[in-house]
Amino acid sequence: MGLRQWLVRRAVSGAHVLVVEAPGAWQVRVAAERAVTRRGWRLARSPADADVLIVCGHPGPQLTEVLDRVWDQLPGPRARVVALAVGEVGGALDQARSWLLDDPQQRDEAAQRPLSPAELEDTDGEGDADGDDHGDMDHGDMDMSGPGGIALAMGGDDRDGLAMDVLHLPLGPVLPHWPPGLVLHCALQGDVITEAQVEVLDSTDDPTDDPTADPTATQHAARRCDAAVDLLALAGWDALVVEARLMRDRLLAEDTDQAAPLHRLRDRVARSRTLRWSLRGLGRADSGGDTYDRLLDLLADEPTSSHSGRDYVETLPQLVTGLDLAAARLVVASLAPMRLRPAAAPSGGGHG
Amino acid sequence: MAEVVVQVAPAWALLAALLTATVALGGAGLDGVLAARLGGRPARAGAATPITETARLLRQRRRTTLAADKPLWRIGVGGLGVVALLMVAVVPLGRWTLLDLPVGVVWFNAMDVMVWALVWLAGWGPNAVHSLVGGYRFLAQALAYELPLMFALTAPAVAAESLRLADVVAAQQGLWFVVWMPVAFGVYCLSVVGFSVWGPLAPAAGADIAGGVLSELSGPDRLLLLAGRYALLTAGAAFAVPMFLGGGAGPLLPGWAWVLIKTLLLVAALVAVRRRLPSLRPDRFVEVGWLVLLPAVLLQVLIVAVVAVMGG
């Protein structure tokens with residue numbers, strides 16, 4: 001029993017956490033990310049990788065439904081907690097920790113869970129067809145005779161005029177470094193997106209991700225820094241991601257002159273030839289500017305972007321069609337400034 | 001130090017496996033330390049990362065997906081470590097080797113091509129989009145590094161006029177091959193990073209596809225794949241020692257110690273580059289592979305061949 005307990009304690013000391021942000025709760029998500037890394041825990045990239053699911057903010061009914069399916073995909077031992085405000089994050093993670101440490105309880109729960117997703121589907125009604133992050137396949141009128149009751153893919157002409165299978169894949173809403181509440185319904189051939197449609201979950205009238213604008217200039221700077229984190233993480237530059245997260249946290253704590261960290265980050269980004277080579281030419285918008293330009297713009301003192309959330313929903317499918325998944329993810333992340341509203345009113349001496 | 005290499009009994013494979021695992025664990029520990037330092041946490045906590053992660057994954061439940069191809073999935077996931085051990089088998093540890101093949105260099109090349117199949121199978125197995133995309137990304141990346149790697153392996157063999165590793169080591173008595181074949185060595189190291197799905201060459205397990213080939217793995221399966229990556233990194237570093245770094249040559253210490261030290265240093269260097277660079281996306285990297293790396297390494301082989309003919 002001593003060994004078992006040692007194993008459990010060791011295991012929990014390095015738990016992986018899947019952080020889900022409900023629209024409007026970005027500061028809570030940021031606080032959760034900070035708390036997770038402070039504990040020496042790590043951020044999970046997919047439900048399979050996660051021990052803890054922490055939901056930040058109030059998810060609407062549609063997102064809640066998706067979250068239930070994501071929860072089914074956590075392998076276990078697992079814990080699901082909610083943090084509605086920044087101050088609740090620490091307590092939520094403590095709660096998760098004590099649940100993970102409760103070995104008998106976890107074993108009981110594991111014994112009651114079905115072993116395969118097929119059994120889960122029988123009880124659930126709706127299948128998780130591709131085992132993906134939230135795999136809500138559009139079964140429509142497709143032939144359901146494939147293995148495991150999955151619809152067989154239909155053919156279609158690809159961009160080179162070859163007949164290739166078409167797969168329908170929803171990207172989001174539970175996907176790391178993905179705009180909260182956004183679902184991009186893609187038709188894929190290979191890993192190339194041939195068609196895309198935007199859906200905003202639980203949307204009222206406003207397609208921006210965040211009903212509240214950032215009150216201060218420093219917070220808006222932190223927000224832009226956070227958007228850059230997403231893009232850098234997708235570009236795979238892990239060292240700079242860690243630094244950018246620390247800068248973002250300092251900005252939020254407001255213990256720094258607002259422009260200085262962004263300047264440093266911008267210099268680092270601008271100096272990397274590999275990054276430029278990787279992002280140049282991706283998702284060039286009609287108004288000019290590609291993903292690389294948008295990243296630099298994001299970190300500039302005065303972002304030039306004057307778009308609204310509605311432009312975003314219209315531009316997105318057009319920009320990602322014809323791109324492969326990797327490129328499309330980078331483009332989506334680079335459009336962040338279009339979602340973010342500038343600071344409501346210039347407060348104090350700051351600008352931006 | 002002109003030593004004859006002796007082939008030892010197969011039972012010593014256990015020791016080889018143990019040494020490989022130890023070096024791989026050291027690499028994982030170093031990676032944990034570097035990650036902790038980057039994030040401003042104490043290095044000691046970081047060093048325990050591999051142990052913590054092992055405990056976590058051993059406790060975690062194994063997970064399946066709908067209509068998963070389990071046998072092929074498991075072969076892909078478990079195969080990486082096996083291939084790494086098969087690579088290590090031909091590396092002479094000072095005077096001893098497990099497998100004194102007359103075609104040791106080709107053996108290594110055959111093993112690294114096996115990685116193509118294994119990573120793809122690991123991506124194919126779970127019947128999930130991100131995982132499969134990861135598997136295919138690896139193939140695209142492999143198309144970029146494999147030919148340059150083959151020619152990089154050719155250079156030392158041409159200089160030594162043999163494909164036997166013992167002969168390659170013996171040919172470096174005067175001068176290590178790394179000194180006069182830097183391009184081949186550089187390309188070789190890049191390829192090791194590539195077939196270990198590591199750092200800038202890890203888009204197959206990238207964040208943009210939720211972890212790609214890793215995205216559906218949990219518990220012991222995930223542990224095997226992660227450990228397999230470190231084992232491949234170790235095997236690649238160990239193989240560079242007889243090929244480019246003079247084998248067991250070095251002052252004071254015995255040959256086997258030097259082989260271990262050189263392997264450890266190279267593993268440490270490969271671990272250190274992990275987070276330094278953005279990912280090289282396969283669709284762009286393939287251009288570099290064919291238009292830059294391949295001509296460069298061919299030129300290197302040409303120079304080596306001319307030197308070998310003139311010298312001979």
# chains A, B, ... in the order shown; residues from 1 in each chain; ligands from 1

call {"tool": "interface_residues", "arguments": {"of": "chain B", "to": "chain A", "cutoff": "8 Å", "atoms": "only C-alpha atoms", "output": "NGL selection string"}}
result
:B and (38-39 or 41 or 45 or 49 or 51-57 or 59-67 or 126-130 or 133 or 200 or 203 or 206-211 or 215-219 or 275-281 or 284)

call {"tool": "write_last_selection", "arguments": {"atoms": "C-alpha atoms", "output": "compact mmCIF listing (two decimals), in the first residue's frame"}}
result
# COMPACT_ATOMS: atom_id res chain seq x y z
CA LEU B 38 12.50 28.44 -18.43
CA GLY B 39 9.30 28.71 -16.43
CA ARG B 41 10.59 26.98 -11.21
CA ALA B 45 11.45 19.69 -9.33
CA THR B 49 9.63 15.18 -14.29
CA ILE B 51 9.50 9.96 -12.72
CA THR B 52 6.38 12.00 -12.07
CA GLU B 53 5.19 11.56 -15.62
CA THR B 54 5.84 7.81 -15.50
CA ALA B 55 3.87 7.49 -12.26
CA ARG B 56 1.04 9.54 -13.73
CA LEU B 57 0.83 7.51 -16.91
CA ARG B 59 -1.85 5.20 -12.95
CA GLN B 60 -3.87 6.49 -15.86
CA ARG B 61 -6.42 4.35 -17.61
CA ARG B 62 -5.74 3.09 -21.08
CA ARG B 63 -8.21 4.66 -23.44
CA THR B 64 -9.64 3.52 -26.73
CA THR B 65 -11.54 5.27 -29.47
CA LEU B 66 -14.39 4.15 -31.64
CA ALA B 67 -13.36 1.59 -34.28
CA PRO B 126 -7.01 5.50 -33.10
CA ASN B 127 -9.20 6.33 -36.11
CA ALA B 128 -9.09 10.02 -35.31
CA VAL B 129 -8.44 12.99 -37.55
CA HIS B 130 -5.70 14.79 -35.67
CA VAL B 133 -2.90 13.98 -39.87
CA PRO B 200 11.49 21.77 -34.39
CA PRO B 203 4.96 18.78 -36.20
CA GLY B 206 2.36 19.47 -32.84
CA ALA B 207 0.18 21.74 -30.73
CA ASP B 208 -1.72 22.80 -33.85
CA ILE B 209 -3.22 19.32 -34.20
CA ALA B 210 -3.82 18.81 -30.47
CA GLY B 211 -0.72 16.64 -30.15
CA SER B 215 -3.57 13.23 -29.23
CA GLU B 216 -5.54 10.07 -28.44
CA LEU B 217 -2.92 8.25 -26.36
CA SER B 218 -3.24 7.86 -22.63
CA GLY B 219 -1.79 5.77 -19.83
CA ARG B 275 12.31 24.54 -27.45
CA ARG B 276 14.68 26.97 -29.10
CA LEU B 277 13.18 27.05 -32.57
CA PRO B 278 9.69 27.24 -34.04
CA SER B 279 8.44 24.09 -35.77
CA LEU B 280 9.59 23.52 -39.29
CA ARG B 281 6.33 22.72 -41.01
CA ARG B 284 8.07 24.10 -46.09

call {"tool": "residues_around", "arguments": {"residues": "Ser98 of chain A", "least_positions_apart": "5", "cutoff": "10 Å", "atoms": "only C-alpha atoms", "output": "PyMOL selection string"}}
result
chain A and resi 12+79+93+103

call {"tool": "atom_distance", "arguments": {"atom1": "atom CA of Val88 of chain B", "atom2": "atom CA of Gly236 of chain B"}}
result
8.3 Å

call {"tool": "atom_distance", "arguments": {"atom1": "atom CA of Arg34 of chain A", "atom2": "atom CA of Trp198 of chain B"}}
result
25.7 Å

call {"tool": "closest_residue", "arguments": {"among": "A:Ala83, A:Val52, A:Val183, A:Val192", "to": "Met164 of chain A", "atoms": "only C-alpha atoms"}}
result
A:Val192

call {"tool": "closest_residue", "arguments": {"among": "B:Leu165, B:Val213, B:Ala237, B:Val90", "to": "Val271 of chain B", "atoms": "only C-alpha atoms"}}
result
B:Ala237

call {"tool": "atom_distance", "arguments": {"atom1": "atom CA of Leu319 of chain A", "atom2": "atom CA of Gln189 of chain A"}}
result
16.7 Å
